[in-house]
Amino acid sequence: MINMPPMGLGTFRLKGEPLLATLTNGLELGYRHIDTAQIYDNEAEVGAVLTRSAIARHEIYLTTKVWTSEFGPGKLI
């Protein structure tokens with residue numbers, strides 16, 4: 001059974017220092033569900049923050065949304 005946290009920390013409109021500060025603080029406060037989307041254009045930054053954190057990857061639930069233009073063969077990995 002998967003016990004994904006019902007509430008996640010959203011990353012909409014966050015980039016650069018605001019994203020770094022928000023995610024770092026959120027992880028310190030106990031958030032383990034992080035939500036992002038391709039259209040936010042911050043997935044690489046979110047990944048970098050998670051990589052630098054001391055939290056084990058298996059403790060993090062990362063959800064994302066895929067823009068409809070990316071549906072189809074060879075587009076969605």
# chains A, B, ... in the order shown; residues from 1 in each chain; ligands from 1
>>> residues_around(residues="Met4 of chain A", least_positions_apart="2", cutoff="10 Å", atoms="only C-alpha atoms", output="short mmCIF file (atom, residue, chain, number, x, y, z; two decimals) with N, CA and C atoms, in the first residue's frame")
data_model
loop_
_atom_site.label_atom_id
_atom_site.label_comp_id
_atom_site.auth_asym_id
_atom_site.auth_seq_id
_atom_site.Cartn_x
_atom_site.Cartn_y
_atom_site.Cartn_z
N MET A 1 0.84 -1.17 0.00
CA MET A 1 0.00 0.00 0.00
C MET A 1 0.89 1.25 0.00
N ILE A 2 0.54 2.22 -0.79
CA ILE A 2 1.26 3.49 -0.86
C ILE A 2 0.56 4.50 0.03
N PRO A 6 -1.53 13.34 1.55
CA PRO A 6 -2.68 13.91 0.84
C PRO A 6 -2.49 15.37 0.45
N MET A 7 -1.56 16.06 1.09
CA MET A 7 -1.32 17.46 0.76
C MET A 7 0.11 17.61 0.25
N GLY A 8 0.23 18.31 -0.87
CA GLY A 8 1.55 18.51 -1.44
C GLY A 8 1.93 19.98 -1.46
N ARG A 32 6.56 16.08 2.11
CA ARG A 32 7.20 14.99 1.35
C ARG A 32 6.49 14.77 0.01
N HIS A 33 5.48 15.55 -0.28
CA HIS A 33 4.78 15.49 -1.56
C HIS A 33 5.01 16.83 -2.25
N GLU A 59 11.43 8.65 0.17
CA GLU A 59 10.52 9.36 1.07
C GLU A 59 9.76 10.49 0.37
N ILE A 60 10.17 10.82 -0.85
CA ILE A 60 9.58 11.94 -1.59
C ILE A 60 8.56 11.43 -2.60
N TYR A 61 7.41 12.07 -2.64
CA TYR A 61 6.39 11.81 -3.66
C TYR A 61 6.38 13.02 -4.57
N LEU A 62 6.78 12.82 -5.80
CA LEU A 62 6.87 13.90 -6.77
C LEU A 62 5.79 13.69 -7.83
#
>>> residues_around(residues="Trp67 of chain A", least_positions_apart="3", cutoff="10 Å", atoms="only C-alpha atoms", output="mmCIF file with N, CA, C and O atoms, in the first residue's frame")
data_model
loop_
_atom_site.group_PDB
_atom_site.id
_atom_site.type_symbol
_atom_site.label_atom_id
_atom_site.label_comp_id
_atom_site.auth_asym_id
_atom_site.auth_seq_id
_atom_site.Cartn_x
_atom_site.Cartn_y
_atom_site.Cartn_z
ATOM 1 N N ALA A 37 4.764 20.821 -12.725
ATOM 2 C CA ALA A 37 4.182 20.576 -14.047
ATOM 3 C C ALA A 37 5.156 21.030 -15.111
ATOM 4 O O ALA A 37 5.947 21.952 -14.885
ATOM 5 N N GLN A 38 5.088 20.413 -16.272
ATOM 6 C CA GLN A 38 5.951 20.832 -17.378
ATOM 7 C C GLN A 38 5.773 22.306 -17.696
ATOM 8 O O GLN A 38 6.739 23.018 -17.932
ATOM 9 N N ILE A 39 4.560 22.780 -17.682
ATOM 10 C CA ILE A 39 4.290 24.164 -18.063
ATOM 11 C C ILE A 39 4.859 25.172 -17.056
ATOM 12 O O ILE A 39 5.056 26.337 -17.373
ATOM 13 N N THR A 64 3.625 15.429 -11.163
ATOM 14 C CA THR A 64 3.745 16.432 -12.205
ATOM 15 C C THR A 64 2.555 16.301 -13.152
ATOM 16 O O THR A 64 1.850 15.294 -13.146
ATOM 17 N N GLU A 70 1.978 17.345 -25.327
ATOM 18 C CA GLU A 70 3.006 16.323 -25.150
ATOM 19 C C GLU A 70 2.452 14.907 -25.122
ATOM 20 O O GLU A 70 3.202 13.954 -24.920
ATOM 21 N N PHE A 71 1.155 14.747 -25.321
ATOM 22 C CA PHE A 71 0.564 13.416 -25.425
ATOM 23 C C PHE A 71 0.871 12.867 -26.797
ATOM 24 O O PHE A 71 0.814 13.567 -27.791
ATOM 25 N N LEU A 76 5.995 11.603 -24.659
ATOM 26 C CA LEU A 76 5.925 11.441 -23.221
ATOM 27 C C LEU A 76 6.811 10.287 -22.799
ATOM 28 O O LEU A 76 6.613 9.162 -23.228
#
>>> residues_around(residues="segment 50-53 of chain A", least_positions_apart="3", cutoff="10 Å", atoms="only C-alpha atoms", output="ChimeraX atom specification")
/A:20,23-24,27-28,34,44-47,56-57,60,62
>>> atom_distance(atom1="atom CA of Gly30 of chain A", atom2="atom CA of Val66 of chain A")
26.1 Å
>>> atom_distance(atom1="atom CA of Leu14 of chain A", atom2="atom CA of Asp35 of chain A")
11.5 Å
>>> select_by_dssp(residues="chain A", states="alpha helix (DSSP H)", output="PDB file with N, CA, C and O atoms, in the first residue's frame")
ATOM      1  N   GLY A  16      14.071  29.992  -9.433  1.00  0.00           N
ATOM      2  CA  GLY A  16      15.211  30.648  -8.806  1.00  0.00           C
ATOM      3  C   GLY A  16      15.157  30.611  -7.286  1.00  0.00           C
ATOM      4  O   GLY A  16      14.764  29.616  -6.685  1.00  0.00           O
ATOM      5  N   GLU A  17      15.556  31.714  -6.668  1.00  0.00           N
ATOM      6  CA  GLU A  17      15.638  31.793  -5.205  1.00  0.00           C
ATOM      7  C   GLU A  17      14.295  31.537  -4.510  1.00  0.00           C
ATOM      8  O   GLU A  17      14.271  30.827  -3.502  1.00  0.00           O
ATOM      9  N   PRO A  18      13.178  32.076  -5.004  1.00  0.00           N
ATOM     10  CA  PRO A  18      11.901  31.756  -4.335  1.00  0.00           C
ATOM     11  C   PRO A  18      11.598  30.250  -4.322  1.00  0.00           C
ATOM     12  O   PRO A  18      11.097  29.728  -3.333  1.00  0.00           O
ATOM     13  N   LEU A  19      11.919  29.561  -5.404  1.00  0.00           N
ATOM     14  CA  LEU A  19      11.709  28.112  -5.455  1.00  0.00           C
ATOM     15  C   LEU A  19      12.635  27.419  -4.471  1.00  0.00           C
ATOM     16  O   LEU A  19      12.201  26.560  -3.696  1.00  0.00           O
ATOM     17  N   LEU A  20      13.903  27.785  -4.487  1.00  0.00           N
ATOM     18  CA  LEU A  20      14.875  27.180  -3.580  1.00  0.00           C
ATOM     19  C   LEU A  20      14.444  27.358  -2.128  1.00  0.00           C
ATOM     20  O   LEU A  20      14.418  26.400  -1.352  1.00  0.00           O
ATOM     21  N   ALA A  21      14.080  28.580  -1.759  1.00  0.00           N
ATOM     22  CA  ALA A  21      13.678  28.857  -0.376  1.00  0.00           C
ATOM     23  C   ALA A  21      12.400  28.115   0.001  1.00  0.00           C
ATOM     24  O   ALA A  21      12.308  27.525   1.087  1.00  0.00           O
ATOM     25  N   THR A  22      11.412  28.127  -0.886  1.00  0.00           N
ATOM     26  CA  THR A  22      10.132  27.480  -0.594  1.00  0.00           C
ATOM     27  C   THR A  22      10.292  25.971  -0.415  1.00  0.00           C
ATOM     28  O   THR A  22       9.795  25.400   0.558  1.00  0.00           O
ATOM     29  N   LEU A  23      10.986  25.331  -1.341  1.00  0.00           N
ATOM     30  CA  LEU A  23      11.157  23.877  -1.235  1.00  0.00           C
ATOM     31  C   LEU A  23      12.026  23.498  -0.048  1.00  0.00           C
ATOM     32  O   LEU A  23      11.729  22.535   0.664  1.00  0.00           O
ATOM     33  N   THR A  24      13.098  24.231   0.171  1.00  0.00           N
ATOM     34  CA  THR A  24      13.970  23.941   1.302  1.00  0.00           C
ATOM     35  C   THR A  24      13.197  24.057   2.613  1.00  0.00           C
ATOM     36  O   THR A  24      13.254  23.159   3.460  1.00  0.00           O
ATOM     37  N   ASN A  25      12.455  25.139   2.769  1.00  0.00           N
ATOM     38  CA  ASN A  25      11.647  25.315   3.982  1.00  0.00           C
ATOM     39  C   ASN A  25      10.567  24.245   4.091  1.00  0.00           C
ATOM     40  O   ASN A  25      10.318  23.716   5.174  1.00  0.00           O
ATOM     41  N   GLY A  26       9.909  23.963   2.982  1.00  0.00           N
ATOM     42  CA  GLY A  26       8.861  22.949   2.996  1.00  0.00           C
ATOM     43  C   GLY A  26       9.386  21.584   3.412  1.00  0.00           C
ATOM     44  O   GLY A  26       8.768  20.890   4.225  1.00  0.00           O
ATOM     45  N   LEU A  27      10.529  21.203   2.871  1.00  0.00           N
ATOM     46  CA  LEU A  27      11.118  19.917   3.242  1.00  0.00           C
ATOM     47  C   LEU A  27      11.522  19.902   4.715  1.00  0.00           C
ATOM     48  O   LEU A  27      11.324  18.908   5.406  1.00  0.00           O
ATOM     49  N   GLU A  28      12.056  21.011   5.194  1.00  0.00           N
ATOM     50  CA  GLU A  28      12.416  21.108   6.616  1.00  0.00           C
ATOM     51  C   GLU A  28      11.174  21.010   7.518  1.00  0.00           C
ATOM     52  O   GLU A  28      11.250  20.476   8.620  1.00  0.00           O
ATOM     53  N   LEU A  29      10.052  21.519   7.028  1.00  0.00           N
ATOM     54  CA  LEU A  29       8.807  21.472   7.801  1.00  0.00           C
ATOM     55  C   LEU A  29       8.115  20.111   7.735  1.00  0.00           C
ATOM     56  O   LEU A  29       7.149  19.871   8.447  1.00  0.00           O
ATOM     57  N   GLU A  43      10.920  22.093 -13.452  1.00  0.00           N
ATOM     58  CA  GLU A  43      11.149  20.714 -13.032  1.00  0.00           C
ATOM     59  C   GLU A  43      12.622  20.420 -12.764  1.00  0.00           C
ATOM     60  O   GLU A  43      12.945  19.720 -11.803  1.00  0.00           O
ATOM     61  N   ALA A  44      13.523  20.958 -13.579  1.00  0.00           N
ATOM     62  CA  ALA A  44      14.956  20.730 -13.351  1.00  0.00           C
ATOM     63  C   ALA A  44      15.406  21.359 -12.039  1.00  0.00           C
ATOM     64  O   ALA A  44      16.179  20.757 -11.285  1.00  0.00           O
ATOM     65  N   GLU A  45      14.895  22.550 -11.735  1.00  0.00           N
ATOM     66  CA  GLU A  45      15.247  23.203 -10.472  1.00  0.00           C
ATOM     67  C   GLU A  45      14.693  22.423  -9.278  1.00  0.00           C
ATOM     68  O   GLU A  45      15.377  22.284  -8.255  1.00  0.00           O
ATOM     69  N   VAL A  46      13.480  21.923  -9.407  1.00  0.00           N
ATOM     70  CA  VAL A  46      12.897  21.108  -8.335  1.00  0.00           C
ATOM     71  C   VAL A  46      13.782  19.885  -8.108  1.00  0.00           C
ATOM     72  O   VAL A  46      14.120  19.545  -6.974  1.00  0.00           O
ATOM     73  N   GLY A  47      14.192  19.250  -9.187  1.00  0.00           N
ATOM     74  CA  GLY A  47      15.074  18.080  -9.083  1.00  0.00           C
ATOM     75  C   GLY A  47      16.391  18.407  -8.411  1.00  0.00           C
ATOM     76  O   GLY A  47      16.889  17.615  -7.598  1.00  0.00           O
ATOM     77  N   ALA A  48      16.946  19.557  -8.727  1.00  0.00           N
ATOM     78  CA  ALA A  48      18.211  19.965  -8.116  1.00  0.00           C
ATOM     79  C   ALA A  48      18.064  20.167  -6.609  1.00  0.00           C
ATOM     80  O   ALA A  48      18.919  19.756  -5.829  1.00  0.00           O
ATOM     81  N   VAL A  49      16.961  20.792  -6.195  1.00  0.00           N
ATOM     82  CA  VAL A  49      16.716  20.997  -4.759  1.00  0.00           C
ATOM     83  C   VAL A  49      16.573  19.647  -4.059  1.00  0.00           C
ATOM     84  O   VAL A  49      17.151  19.427  -2.986  1.00  0.00           O
ATOM     85  N   LEU A  50      15.815  18.738  -4.664  1.00  0.00           N
ATOM     86  CA  LEU A  50      15.615  17.429  -4.043  1.00  0.00           C
ATOM     87  C   LEU A  50      16.922  16.651  -3.976  1.00  0.00           C
ATOM     88  O   LEU A  50      17.186  15.957  -2.988  1.00  0.00           O
ATOM     89  N   THR A  51      17.756  16.780  -4.987  1.00  0.00           N
ATOM     90  CA  THR A  51      19.047  16.101  -5.001  1.00  0.00           C
ATOM     91  C   THR A  51      19.958  16.616  -3.894  1.00  0.00           C
ATOM     92  O   THR A  51      20.675  15.846  -3.256  1.00  0.00           O
ATOM     93  N   ARG A  52      19.918  17.918  -3.649  1.00  0.00           N
ATOM     94  CA  ARG A  52      20.759  18.523  -2.603  1.00  0.00           C
ATOM     95  C   ARG A  52      20.234  18.265  -1.189  1.00  0.00           C
ATOM     96  O   ARG A  52      20.976  18.421  -0.223  1.00  0.00           O
TER      97      ARG A  52
END
>>> atom_distance(atom1="atom CA of Pro5 of chain A", atom2="atom CA of Ile77 of chain A")
24.7 Å
>>> select_by_dssp(residues="segment 20-51 of chain A", states="strand (DSSP E or B)", output="list in words")
His33, Ile34, Asp35, Thr36 and Ala37 of chain A
>>> closest_residue(among="A:His58, A:Gly74, A:Ser69, A:Asn42", to="Thr11 of chain A", atoms="only C-alpha atoms")
A:Asn42
>>> closest_residue(among="A:Ile55, A:Leu9, A:Pro73, A:Asn3", to="Thr36 of chain A", atoms="only C-alpha atoms")
A:Leu9
